[in-house]
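Undergrad: What follows is structure_6.cif; its format and atoms are mmCIF, C-alpha atoms and all ligand atoms.
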```cif
data_target
#
loop_
_atom_site.label_atom_id
_atom_site.label_comp_id
_atom_site.auth_asym_id
_atom_site.auth_seq_id
_atom_site.Cartn_x
_atom_site.Cartn_y
_atom_site.Cartn_z
CA MET A 803 0.00 0.00 0.00
CA MET A 804 1.95 2.94 -1.15
CA LYS A 805 0.54 6.32 -0.29
CA ALA A 806 -1.59 6.44 2.84
CA LEU A 807 -0.02 6.89 6.24
CA LEU A 808 -1.70 4.16 8.16
CA SER A 809 -2.93 4.96 11.61
CA PHE A 810 -5.55 4.18 14.19
CA ALA A 811 -7.88 6.32 12.14
CA ALA A 812 -7.90 3.59 9.52
CA LEU A 813 -10.02 1.48 11.84
CA GLY A 814 -12.82 3.97 11.61
CA LEU A 815 -16.09 3.56 13.39
CA SER A 816 -18.68 3.48 10.68
CA SER A 817 -19.25 0.36 8.72
CA MET A 818 -20.63 -0.07 5.29
CA SER A 819 -24.14 -1.12 6.20
CA ALA A 820 -25.15 -2.77 3.01
CA ARG A 821 -23.41 -4.40 0.12
CA ALA A 822 -24.75 -3.63 -3.31
CA ALA A 823 -24.70 -7.30 -4.03
CA VAL A 824 -23.23 -10.41 -2.54
CA LEU A 825 -22.63 -12.87 -5.29
CA ALA A 826 -23.33 -16.48 -4.50
CA PRO A 827 -20.06 -18.38 -4.36
CA ARG A 828 -19.70 -20.85 -7.16
CA VAL A 829 -17.23 -23.63 -6.60
CA THR A 830 -15.36 -24.57 -9.73
CA GLY A 831 -12.27 -26.67 -10.20
CA PRO A 832 -9.19 -26.04 -8.10
CA SER A 833 -7.32 -22.90 -9.11
CA PRO A 834 -4.05 -23.51 -10.93
CA LEU A 835 -2.51 -20.83 -8.72
CA LYS A 836 -0.64 -22.31 -5.78
CA PHE A 837 -1.54 -19.51 -3.37
CA ALA A 838 -4.38 -17.08 -2.71
CA GLY A 839 -4.11 -14.85 0.33
CA VAL A 840 -5.05 -11.78 2.30
CA ASN A 841 -2.89 -9.18 4.03
CA ILE A 842 -3.67 -9.06 7.76
CA ALA A 843 -2.59 -5.48 8.44
CA GLY A 844 -2.07 -3.65 11.71
CA PHE A 845 1.47 -4.19 13.03
CA ASP A 846 2.57 -1.91 10.14
CA PHE A 847 0.22 0.95 11.07
CA GLY A 848 2.23 4.06 11.84
CA CYS A 849 4.70 3.45 8.99
CA GLY A 850 5.33 6.16 6.41
CA THR A 851 6.76 5.46 2.96
CA ASP A 852 10.04 7.02 4.16
CA GLY A 853 10.44 4.14 6.62
CA THR A 854 9.53 6.19 9.68
CA CYS A 855 7.59 3.66 11.68
CA THR A 856 6.51 4.50 15.19
CA VAL A 857 6.26 1.61 17.62
CA SER A 858 3.29 3.22 19.35
CA GLY A 859 1.47 3.61 16.01
CA ALA A 860 1.38 -0.13 15.42
CA TYR A 861 -1.96 -1.73 16.07
CA PRO A 862 -1.90 -5.49 16.59
CA PRO A 863 -4.79 -7.17 14.71
CA LEU A 864 -5.39 -9.37 17.70
CA ALA A 865 -8.42 -9.15 19.97
CA GLN A 866 -6.26 -9.75 23.03
CA TYR A 867 -4.46 -6.45 22.32
CA TYR A 868 -7.72 -4.60 21.68
CA GLY A 869 -7.44 -4.89 17.90
CA ALA A 870 -9.63 -6.64 15.36
CA ASP A 871 -9.96 -10.41 15.64
CA GLY A 872 -7.30 -11.25 13.06
CA ILE A 873 -7.25 -14.86 14.19
CA GLY A 874 -11.00 -15.17 13.60
CA GLN A 875 -10.56 -13.51 10.20
CA MET A 876 -7.82 -15.92 9.12
CA THR A 877 -9.81 -18.91 10.34
CA HIS A 878 -12.81 -17.71 8.31
CA PHE A 879 -10.73 -17.04 5.20
CA VAL A 880 -9.25 -20.54 5.32
CA ASN A 881 -12.33 -22.51 6.33
CA ASP A 882 -15.03 -20.66 4.40
CA ASP A 883 -13.18 -19.20 1.43
CA GLY A 884 -10.34 -21.61 0.65
CA TYR A 885 -7.47 -19.16 1.19
CA ASN A 886 -4.06 -20.64 2.04
CA LEU A 887 -1.73 -17.66 2.54
CA PHE A 888 -1.58 -14.62 4.80
CA ARG A 889 0.86 -11.72 4.67
CA LEU A 890 1.59 -10.24 8.07
CA PRO A 891 3.07 -6.73 7.73
CA VAL A 892 5.22 -5.41 10.58
CA SER A 893 7.88 -2.73 10.88
CA TRP A 894 11.55 -3.30 11.72
CA GLN A 895 11.19 -0.71 14.47
CA TYR A 896 8.36 -2.66 16.08
CA LEU A 897 10.24 -5.96 16.18
CA THR A 898 13.30 -4.43 17.88
CA ASN A 899 11.45 -1.74 19.86
CA ASN A 900 13.10 1.01 17.81
CA VAL A 901 16.67 -0.26 18.09
CA VAL A 902 18.41 -0.50 14.72
CA GLY A 903 19.91 -3.97 14.40
CA GLY A 904 18.82 -7.54 14.85
CA THR A 905 17.98 -8.01 18.51
CA LEU A 906 14.28 -8.83 18.75
CA ASN A 907 12.46 -7.29 21.70
CA SER A 908 10.76 -10.11 23.56
CA THR A 909 7.63 -8.06 24.26
CA THR A 910 6.99 -6.55 20.85
CA PHE A 911 8.26 -9.53 18.86
CA GLY A 912 6.21 -11.77 21.14
CA GLU A 913 3.05 -9.91 20.18
CA TYR A 914 3.85 -10.22 16.47
CA ASN A 915 4.74 -13.88 16.90
CA THR A 916 1.29 -14.47 18.38
CA LEU A 917 -0.14 -13.50 14.99
CA VAL A 918 2.40 -15.63 13.11
CA GLN A 919 1.66 -18.70 15.23
CA ALA A 920 -2.10 -18.18 14.80
CA CYS A 921 -1.56 -17.96 11.05
CA LEU A 922 0.48 -21.19 11.04
CA ASN A 923 -2.22 -22.86 13.15
CA THR A 924 -4.76 -22.30 10.37
CA GLY A 925 -2.63 -24.51 8.13
CA ALA A 926 -1.89 -21.62 5.76
CA TYR A 927 1.46 -20.26 4.62
CA CYS A 928 2.49 -17.04 6.37
CA ILE A 929 4.61 -14.19 4.99
CA ILE A 930 6.79 -12.23 7.43
CA ASP A 931 6.65 -8.81 5.73
CA ILE A 932 9.08 -6.10 6.87
CA HIS A 933 7.06 -3.04 5.91
CA ASN A 934 9.84 -0.43 5.76
CA TYR A 935 10.04 0.71 2.10
CA ALA A 936 13.79 -0.14 2.06
CA ARG A 937 14.39 2.43 4.79
CA TRP A 938 14.85 3.16 8.47
CA ASN A 939 13.61 6.61 9.47
CA GLY A 940 14.17 8.22 6.08
CA ASP A 941 17.46 6.60 5.10
CA VAL A 942 17.87 3.75 2.60
CA ILE A 943 19.37 0.54 3.95
CA GLY A 944 22.86 0.02 2.55
CA GLN A 945 22.77 3.41 0.83
CA GLY A 946 23.22 5.96 3.63
CA GLY A 947 20.95 4.35 6.21
CA PRO A 948 21.48 1.20 8.31
CA THR A 949 24.23 -1.09 7.08
CA ASN A 950 23.58 -4.32 5.24
CA ALA A 951 24.99 -6.10 8.30
CA GLN A 952 22.40 -4.49 10.57
CA PHE A 953 19.59 -5.48 8.23
CA ALA A 954 21.00 -8.99 7.80
CA ALA A 955 21.08 -9.29 11.60
CA LEU A 956 17.33 -8.66 11.71
CA TRP A 957 16.73 -11.42 9.17
CA SER A 958 19.13 -13.76 10.94
CA SER A 959 17.12 -13.34 14.15
CA LEU A 960 13.80 -13.90 12.39
CA ALA A 961 15.05 -16.91 10.43
CA THR A 962 16.38 -18.43 13.66
CA GLN A 963 12.85 -18.18 15.09
CA TYR A 964 11.19 -19.80 12.09
CA GLU A 965 13.85 -22.05 10.61
CA SER A 966 11.78 -25.21 11.12
CA ASP A 967 8.47 -23.77 9.88
CA SER A 968 8.23 -24.77 6.23
CA ARG A 969 5.11 -22.61 5.78
CA VAL A 970 6.83 -19.36 6.72
CA MET A 971 7.84 -17.18 3.78
CA PHE A 972 10.41 -14.45 4.35
CA GLY A 973 9.30 -11.19 2.71
CA ILE A 974 12.57 -9.27 2.73
CA MET A 975 11.09 -5.79 2.25
CA ASN A 976 7.82 -4.09 1.41
CA GLU A 977 7.86 -1.67 -1.53
CA PRO A 978 11.33 -0.23 -2.03
CA HIS A 979 11.10 3.03 -3.97
CA ASP A 980 13.33 5.85 -5.21
CA LEU A 981 16.43 3.77 -4.65
CA PRO A 982 19.68 5.57 -5.52
CA SER A 983 20.95 2.30 -7.03
CA ILE A 984 19.08 -0.91 -7.81
CA THR A 985 22.31 -2.92 -8.00
CA THR A 986 23.33 -1.69 -4.54
CA TRP A 987 19.87 -2.69 -3.31
CA ALA A 988 20.38 -6.17 -4.78
CA ALA A 989 23.50 -6.47 -2.60
CA THR A 990 21.38 -5.60 0.45
CA VAL A 991 18.84 -8.25 -0.52
CA GLN A 992 21.69 -10.74 -0.97
CA ALA A 993 22.93 -10.00 2.56
CA ALA A 994 19.45 -10.76 3.92
CA VAL A 995 19.11 -13.98 1.90
CA THR A 996 22.54 -15.17 3.02
CA ALA A 997 21.66 -14.44 6.66
CA ILE A 998 18.37 -16.34 6.42
CA ARG A 999 19.96 -19.41 4.82
CA GLN A 1000 22.93 -19.35 7.24
CA ALA A 1001 20.51 -19.25 10.18
CA GLY A 1002 19.19 -22.64 9.12
CA ALA A 1003 16.11 -21.68 7.13
CA THR A 1004 17.56 -23.47 4.15
CA SER A 1005 14.53 -24.17 2.00
CA GLN A 1006 11.66 -21.77 2.67
CA TYR A 1007 10.45 -19.26 0.12
CA ILE A 1008 12.22 -15.89 0.28
CA LEU A 1009 10.49 -12.98 -1.49
CA LEU A 1010 12.70 -10.41 -3.25
CA SER A 1011 11.27 -6.97 -4.01
CA GLY A 1012 12.35 -4.32 -6.51
CA ASP A 1013 12.11 -0.56 -6.98
CA ASN A 1014 9.08 1.67 -7.70
CA TYR A 1015 6.94 0.27 -4.87
CA SER A 1016 7.55 -3.22 -6.24
CA SER A 1017 5.52 -2.32 -9.32
CA ALA A 1018 4.86 -5.40 -11.42
CA ALA A 1019 4.60 -3.10 -14.44
CA THR A 1020 8.16 -1.75 -14.22
CA PHE A 1021 9.89 -4.73 -12.58
CA VAL A 1022 11.53 -5.71 -15.86
CA SER A 1023 11.75 -2.36 -17.67
CA ASN A 1024 13.29 -0.43 -14.78
CA GLY A 1025 16.04 -2.93 -14.01
CA SER A 1026 14.78 -4.63 -10.85
CA ALA A 1027 14.49 -8.02 -12.54
CA ALA A 1028 18.04 -8.00 -13.87
CA ALA A 1029 19.52 -6.79 -10.58
CA LEU A 1030 17.62 -9.19 -8.31
CA ALA A 1031 18.23 -12.15 -10.63
CA THR A 1032 21.82 -12.14 -9.38
CA VAL A 1033 20.77 -12.93 -5.78
CA THR A 1034 21.47 -16.56 -4.87
CA ASN A 1035 21.29 -19.14 -2.10
CA LEU A 1036 24.46 -20.27 -0.32
CA ASP A 1037 25.06 -22.92 -3.00
CA GLY A 1038 24.66 -20.49 -5.87
CA SER A 1039 21.18 -21.75 -6.80
CA THR A 1040 18.04 -19.63 -6.90
CA THR A 1041 15.63 -22.30 -5.63
CA ASN A 1042 12.67 -20.72 -3.80
CA LEU A 1043 13.98 -17.18 -4.30
CA VAL A 1044 10.77 -15.65 -5.65
CA PHE A 1045 10.24 -12.11 -6.95
CA ASP A 1046 7.72 -10.09 -4.97
CA VAL A 1047 5.57 -7.70 -7.02
CA HIS A 1048 2.64 -5.43 -6.26
CA LYS A 1049 -0.01 -4.01 -8.57
CA TYR A 1050 -3.17 -2.03 -7.97
CA LEU A 1051 -5.83 -1.31 -10.55
CA ASP A 1052 -6.51 2.39 -10.05
CA SER A 1053 -5.14 5.03 -12.42
CA ASP A 1054 -1.85 5.71 -10.57
CA ASN A 1055 -1.24 2.19 -9.13
CA SER A 1056 -1.53 3.60 -5.62
CA GLY A 1057 -4.41 1.53 -4.31
CA THR A 1058 -6.13 4.61 -2.94
CA SER A 1059 -9.09 5.03 -5.30
CA ASP A 1060 -12.28 2.99 -5.42
CA THR A 1061 -12.32 3.34 -9.20
CA CYS A 1062 -10.38 0.75 -11.17
CA VAL A 1063 -9.26 1.36 -14.74
CA THR A 1064 -7.24 -1.69 -15.80
CA ASN A 1065 -6.83 -5.43 -15.38
CA ASN A 1066 -3.05 -4.94 -15.67
CA THR A 1067 -2.64 -7.68 -18.28
CA VAL A 1068 -0.98 -5.63 -20.99
CA GLU A 1069 1.11 -3.30 -18.81
CA ALA A 1070 2.21 -5.76 -16.14
CA TRP A 1071 1.39 -9.45 -16.36
CA ILE A 1072 2.41 -10.04 -19.99
CA PRO A 1073 5.86 -8.41 -19.77
CA LEU A 1074 6.51 -9.90 -16.34
CA SER A 1075 5.48 -13.46 -17.23
CA THR A 1076 7.41 -13.31 -20.50
CA TRP A 1077 10.59 -12.38 -18.63
CA LEU A 1078 9.99 -14.97 -15.88
CA ARG A 1079 9.60 -17.78 -18.45
CA ALA A 1080 12.67 -16.69 -20.40
CA ASN A 1081 14.71 -16.62 -17.21
CA ASP A 1082 13.14 -19.68 -15.55
CA ARG A 1083 12.04 -17.76 -12.44
CA LEU A 1084 8.89 -17.34 -10.31
CA ALA A 1085 7.04 -14.34 -8.87
CA ILE A 1086 4.23 -13.75 -6.41
CA ASN A 1087 1.85 -10.77 -6.28
CA THR A 1088 1.71 -9.91 -2.57
CA GLU A 1089 -0.39 -6.75 -2.84
CA THR A 1090 -3.33 -6.12 -5.12
CA GLY A 1091 -6.91 -5.12 -4.58
CA GLY A 1092 -9.56 -2.56 -5.30
CA GLY A 1093 -12.62 -0.83 -3.99
CA ASN A 1094 -15.81 -2.72 -3.34
CA THR A 1095 -17.28 -1.22 -6.50
CA GLN A 1096 -18.41 -2.54 -9.84
CA SER A 1097 -15.39 -1.23 -11.77
CA CYS A 1098 -12.97 -2.87 -9.37
CA VAL A 1099 -14.87 -6.16 -9.30
CA THR A 1100 -14.81 -6.26 -13.10
CA TYR A 1101 -11.08 -5.55 -13.45
CA LEU A 1102 -9.98 -7.54 -10.39
CA CYS A 1103 -11.85 -10.60 -11.60
CA GLU A 1104 -10.27 -10.20 -15.05
CA GLN A 1105 -6.86 -9.92 -13.39
CA VAL A 1106 -7.41 -13.09 -11.35
CA ALA A 1107 -8.59 -14.90 -14.49
CA TYR A 1108 -5.46 -13.82 -16.36
CA GLN A 1109 -3.17 -14.66 -13.45
CA LYS A 1110 -4.50 -18.21 -13.57
CA THR A 1111 -3.21 -18.48 -17.14
CA ILE A 1112 0.34 -17.63 -16.02
CA SER A 1113 0.40 -19.97 -13.03
CA ASP A 1114 3.51 -21.65 -14.43
CA VAL A 1115 5.49 -18.54 -13.35
CA LEU A 1116 3.15 -16.76 -10.91
CA LEU A 1117 2.60 -18.50 -7.57
CA GLY A 1118 -0.48 -16.47 -6.61
CA TYR A 1119 -1.81 -13.22 -5.21
CA VAL A 1120 -2.47 -11.63 -1.81
CA GLY A 1121 -5.25 -9.05 -1.46
CA TRP A 1122 -4.86 -5.76 0.43
CA ALA A 1123 -6.27 -5.80 3.11
CA ALA A 1124 -8.07 -7.08 6.18
CA GLY A 1125 -6.81 -7.12 9.79
CA ASN A 1126 -7.32 -3.79 11.50
CA PHE A 1127 -8.89 -2.04 8.53
CA ALA A 1128 -12.53 -1.15 9.02
CA THR A 1129 -15.07 -2.52 6.55
CA SER A 1130 -15.45 1.12 5.39
CA TYR A 1131 -11.79 1.38 4.29
CA VAL A 1132 -11.64 1.89 0.53
CA LEU A 1133 -9.85 -1.39 -0.22
CA SER A 1134 -11.28 -3.32 2.69
CA GLU A 1135 -11.28 -7.11 2.60
CA THR A 1136 -12.35 -7.25 6.23
CA PRO A 1137 -15.55 -9.26 6.57
CA THR A 1138 -18.58 -7.58 8.12
CA ASN A 1139 -19.34 -9.22 11.43
CA ASN A 1140 -22.98 -9.47 12.40
CA SER A 1141 -22.98 -11.11 15.85
CA GLY A 1142 -20.33 -13.54 14.74
CA VAL A 1143 -21.74 -14.12 11.24
CA LEU A 1144 -19.01 -13.05 8.82
CA THR A 1145 -19.90 -11.75 5.35
CA ASP A 1146 -17.13 -11.08 2.86
CA SER A 1147 -16.46 -7.84 1.04
CA LEU A 1148 -17.67 -7.60 -2.55
CA THR A 1149 -14.20 -8.08 -4.05
CA VAL A 1150 -13.52 -11.14 -1.91
CA SER A 1151 -16.89 -12.77 -2.57
CA SER A 1152 -16.79 -11.94 -6.28
CA CYS A 1153 -13.50 -13.56 -7.23
CA LEU A 1154 -10.58 -13.02 -4.85
CA ALA A 1155 -11.68 -15.88 -2.60
CA PRO A 1156 -10.66 -19.19 -4.18
CA ILE A 1157 -14.18 -20.59 -3.82
CA ALA A 1158 -15.75 -17.52 -5.46
CA ASP A 1159 -14.52 -18.13 -8.96
CA ALA A 1160 -16.17 -15.49 -11.11
C1 LIG A 1201 11.03 -4.12 24.91
O1 LIG A 1201 10.05 -3.18 24.51
C2 LIG A 1201 9.30 -2.69 25.59
C3 LIG A 1201 8.25 -1.78 24.99
O2 LIG A 1201 7.26 -2.53 24.40
C4 LIG A 1201 10.19 -1.95 26.56
O3 LIG A 1201 9.43 -1.50 27.64
C5 LIG A 1201 11.30 -2.87 27.03
O4 LIG A 1201 12.21 -2.15 27.83
C6 LIG A 1201 12.03 -3.48 25.86
N1 LIG A 1201 12.96 -4.48 26.35
C7 LIG A 1201 14.25 -4.39 26.13
C8 LIG A 1201 15.08 -5.52 26.67
O5 LIG A 1201 14.76 -3.47 25.52
C1 LIG A 1202 6.36 3.32 -11.48
O1 LIG A 1202 5.24 2.55 -11.85
C2 LIG A 1202 4.17 3.33 -12.32
C3 LIG A 1202 3.00 2.42 -12.61
O2 LIG A 1202 3.11 1.16 -12.07
C4 LIG A 1202 4.58 4.08 -13.56
O3 LIG A 1202 3.53 4.91 -13.98
C5 LIG A 1202 5.81 4.92 -13.26
O4 LIG A 1202 6.29 5.49 -14.44
C6 LIG A 1202 6.89 4.05 -12.69
N1 LIG A 1202 8.05 4.86 -12.32
C7 LIG A 1202 9.27 4.48 -12.60
C8 LIG A 1202 10.33 5.40 -12.10
O5 LIG A 1202 9.53 3.47 -13.24
C1 LIG A 1203 14.54 3.51 -13.53
O1 LIG A 1203 13.72 4.66 -13.69
C2 LIG A 1203 14.35 5.87 -13.26
C3 LIG A 1203 13.31 7.00 -13.38
O2 LIG A 1203 12.77 7.03 -14.65
C4 LIG A 1203 15.59 6.13 -14.08
O3 LIG A 1203 16.24 7.29 -13.60
C5 LIG A 1203 16.52 4.95 -13.96
O4 LIG A 1203 17.62 5.14 -14.82
C6 LIG A 1203 15.82 3.66 -14.34
N1 LIG A 1203 16.74 2.56 -14.09
C7 LIG A 1203 16.91 1.56 -14.95
C8 LIG A 1203 17.94 0.55 -14.55
O5 LIG A 1203 16.28 1.44 -15.99
C1 LIG A 1204 -7.82 -7.32 -19.86
O1 LIG A 1204 -7.88 -6.11 -20.55
C2 LIG A 1204 -7.49 -6.21 -21.92
C3 LIG A 1204 -7.49 -4.82 -22.49
O2 LIG A 1204 -6.45 -4.08 -21.91
C4 LIG A 1204 -8.45 -7.12 -22.66
O3 LIG A 1204 -8.01 -7.26 -23.99
C5 LIG A 1204 -8.45 -8.48 -21.98
O4 LIG A 1204 -9.46 -9.29 -22.59
C6 LIG A 1204 -8.75 -8.35 -20.48
N1 LIG A 1204 -8.51 -9.64 -19.86
C7 LIG A 1204 -9.50 -10.41 -19.37
C8 LIG A 1204 -9.06 -11.70 -18.74
O5 LIG A 1204 -10.67 -10.08 -19.40
C1 LIG A 1205 -17.20 -11.28 15.38
O1 LIG A 1205 -17.95 -10.80 16.47
C2 LIG A 1205 -17.96 -11.66 17.61
C3 LIG A 1205 -18.88 -11.03 18.62
O2 LIG A 1205 -20.18 -10.99 18.10
C4 LIG A 1205 -16.55 -11.77 18.13
O3 LIG A 1205 -16.54 -12.67 19.23
C5 LIG A 1205 -15.62 -12.30 17.06
O4 LIG A 1205 -14.30 -12.23 17.54
C6 LIG A 1205 -15.73 -11.47 15.81
N1 LIG A 1205 -14.99 -12.11 14.74
C7 LIG A 1205 -14.27 -11.43 13.84
C8 LIG A 1205 -13.51 -12.23 12.85
O5 LIG A 1205 -14.23 -10.23 13.80
#
```
For this file, write the structure as structure tokens.
Ligand SMILES: *[C@@H]1O[C@H](CO)[C@@H](O)[C@H](O)[C@H]1NC(C)=O
Ligand SMILES: *[C@@H]1O[C@H](CO)[C@@H](O)[C@H](O)[C@H]1NC(C)=O
Ligand SMILES: *[C@@H]1O[C@H](CO)[C@@H](O)[C@H](O)[C@H]1NC(C)=O
Ligand SMILES: *[C@@H]1O[C@H](CO)[C@@H](O)[C@H](O)[C@H]1NC(C)=O
Ligand SMILES: *[C@@H]1O[C@H](CO)[C@@H](O)[C@H](O)[C@H]1NC(C)=O

TA:
Amino acid sequence: MMKALLSFAALGLSSMSARAAVLAPRVTGPSPLKFAGVNIAGFDFGCGTDGTCTVSGAYPPLAQYYGADGIGQMTHFVNDDGYNLFRLPVSWQYLTNNVVGGTLNSTTFGEYNTLVQACLNTGAYCIIDIHNYARWNGDVIGQGGPTNAQFAALWSSLATQYESDSRVMFGIMNEPHDLPSITTWAATVQAAVTAIRQAGATSQYILLSGDNYSSAATFVSNGSAAALATVTNLDGSTTNLVFDVHKYLDSDNSGTSDTCVTNNTVEAWIPLSTWLRANDRLAINTETGGGNTQSCVTYLCEQVAYQKTISDVLLGYVGWAAGNFATSYVLSETPTNNSGVLTDSLTVSSCLAPIADA
């Protein structure tokens, strides 16, 4: 999510009282995509796109910490909708209680780990997403900000925690942007990958993100693909090193408007999938979504349909967002909760949910 400064205000108080239409789910054959997921946001609230993340601004999507019932949401998404992946955004500052480096704070990390363990308990895969835009408090990691060693120490600590969980995916960084050098960034990503593998997490998926807010449309044309293709495992292979791309459907790819204007096929998915096939690599789309409006349902459902045709190189998609977002948030995928009866948002029920094949 690229533009909005997330805060407590995002929770809102009003709720969209009525859906224009709730389409009846229609179960078709299993999707060729390996993963379909939802972002469970909240631990990232308080982060700006310059990597200024305040610990006090974070808002755990856990009822025990006075947030939304993220555990109930994930259980619903798995059991009722067929989802099998959740992305769990959190800031570097939160995990270390604002200390640059790799030492996890037992209190704040413990709260985040509660969400991770609940995710794993659903049987789904779970992405650890460091939501820092390649930065710490305004400065780019490895390019004027924290050193690669400090960032690698964070990933070493996290990989040590989750080395035996095969369903944890390591999302190195959310939405790098305006990087002085993409090749220098690739060296930072390499330092993180090396740290994760050396900590004993030898086989899990690691997600590598490029410049321009991880735009799927410019991943190849702006040099991110070529730079990140050089990142390897300890043995020189690239097994399970997957490119992490984002794409919204509004006019400026910001995910802030409830009006969608494209299904992204021509500008993003064709050039990306062509490059992935030619280079024998995989990608995953960890942020996409749209308003609960007719234009967004139309284009989102077209995008999902097209993504299924490139499942040989695209592992799946993750919608933005549920967790601590109110049902009134423009891109909300948070189910409405009527005395415990959960009803999905229009985009989820129309085609994002695996069982709701449009
Ligand atoms: C961990 O963070 C909490 C704030 O949540 C703070 O009170 C505590 O001192 C920190 N612990 C250490 C060891 O720094
Ligand atoms: C970033 O991506 C957007 C759309 O995804 C595009 O309009 C813009 O030109 C891109 N910027 C750069 C620097 O590539
Ligand atoms: C990426 O886009 C920016 C802005 O247009 C440009 O300055 C830079 O040279 C591009 N990098 C590559 C590798 O294409
Ligand atoms: C996506 O949009 C393009 C036009 O840009 C259209 O040709 C194509 O049929 C659409 N894809 C799907 C799956 O509807
Ligand atoms: C739904 O509301 C009930 C109370 O009616 C609450 O116990 C439950 O945690 C809520 N579930 C979600 C997913 O919000």

Undergrad: Which residue out of A:Thr1090, A:Ser1134, A:Thr990, A:Ser1059 has the minimum interatomic distance to Met975 in chain A when only C-alpha atoms are used?

TA: A:Thr990

Undergrad: What is the CA of Val1063 in chain A to CA of Leu1051 in chain A distance in Å?

TA: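 Taking CA of Val1063 in chain A as the start and CA of Leu1051 in chain A as the end point, the length is 6.0 Å.
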
Undergrad: Which residue gives the smallest distance to Tyr868 in chain A among A:Ile1112, A:Asn1024, A:Gly844, A:Val902, with all atoms listed in the file counted?

TA: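 Looking at the shortest contact to Tyr868 in chain A, the residue is A:Gly844.
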
Undergrad: Considering only C-alpha atoms and all ligand atoms, can you say which of A:Thr1067, A:Gly1142, A:Ser1151, A:Gly1002 comes closest to ligand LIG 1205 (chain A)?

TA: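 Closest candidate: A:Gly1142.
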
Undergrad: Please report as a tab-separated table every residue of chain A lying within 6 Å of ligand LIG 1201 (chain A), along with the nearest atom pair and their distance in Å (one decimal), using only C-alpha atoms and all ligand atoms.

TA:
```
residue	atom	partner	partner_atom	distance
A:Asn899	CA	A:LIG1201	O1	5.1
A:Asn907	CA	A:LIG1201	C1	4.7
A:Thr909	CA	A:LIG1201	C1	5.2
A:Thr910	CA	A:LIG1201	O2	5.4
```

Undergrad: At most 8 Å is the cut-off: for each residue in chain A with any atom that close to an atom of ligand LIG 1205 (chain A), write down the nearest atom pair and the distance in Å rounded to one decimal, counting all atoms listed in the file, chain first then increasing number, as a Markdown table.

TA:
```
| residue | atom | partner | partner_atom | distance |
| --- | --- | --- | --- | --- |
| A:Ala865 | CA | A:LIG1205 | O4 | 7.1 |
| A:Ala870 | CA | A:LIG1205 | O5 | 6.0 |
| A:Asp871 | CA | A:LIG1205 | O5 | 4.7 |
| A:Gly872 | CA | A:LIG1205 | C8 | 6.3 |
| A:Ile873 | CA | A:LIG1205 | C8 | 6.9 |
| A:Gly874 | CA | A:LIG1205 | C8 | 3.9 |
| A:Gln875 | CA | A:LIG1205 | C8 | 4.2 |
| A:Met876 | CA | A:LIG1205 | C8 | 7.7 |
| A:His878 | CA | A:LIG1205 | C8 | 7.2 |
| A:Pro1137 | CA | A:LIG1205 | C8 | 7.2 |
| A:Thr1138 | CA | A:LIG1205 | O5 | 7.6 |
| A:Asn1139 | CA | A:LIG1205 | C1 | 4.9 |
| A:Asn1140 | CA | A:LIG1205 | O2 | 6.5 |
| A:Ser1141 | CA | A:LIG1205 | O2 | 3.6 |
| A:Gly1142 | CA | A:LIG1205 | C1 | 3.9 |
| A:Val1143 | CA | A:LIG1205 | C1 | 6.8 |
| A:Leu1144 | CA | A:LIG1205 | C8 | 6.9 |
```

Undergrad: Counting only C-alpha atoms and all ligand atoms, which protein, DNA or RNA residues come within 10 Å of ligand LIG 1203 (chain A), given as a compact mmCIF listing (two decimals) with C-alpha atoms, keeping the file's coordinate frame?

TA:
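Result written to pocket17.txt:
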```txt
# COMPACT_ATOMS: atom_id res chain seq x y z
CA ASP A 980 13.33 5.85 -5.21
CA LEU A 981 16.43 3.77 -4.65
CA PRO A 982 19.68 5.57 -5.52
CA SER A 983 20.95 2.30 -7.03
CA ILE A 984 19.08 -0.91 -7.81
CA THR A 985 22.31 -2.92 -8.00
CA ASP A 1013 12.11 -0.56 -6.98
CA ASN A 1014 9.08 1.67 -7.70
CA THR A 1020 8.16 -1.75 -14.22
CA PHE A 1021 9.89 -4.73 -12.58
CA VAL A 1022 11.53 -5.71 -15.86
CA SER A 1023 11.75 -2.36 -17.67
CA ASN A 1024 13.29 -0.43 -14.78
CA GLY A 1025 16.04 -2.93 -14.01
CA SER A 1026 14.78 -4.63 -10.85
CA ALA A 1027 14.49 -8.02 -12.54
CA ALA A 1028 18.04 -8.00 -13.87
CA ALA A 1029 19.52 -6.79 -10.58
```

Undergrad: Could you list, as a count of residues only, all the residues within 6 Å of ligand LIG 1204 (chain A), counting only C-alpha atoms and all ligand atoms?

TA: 6
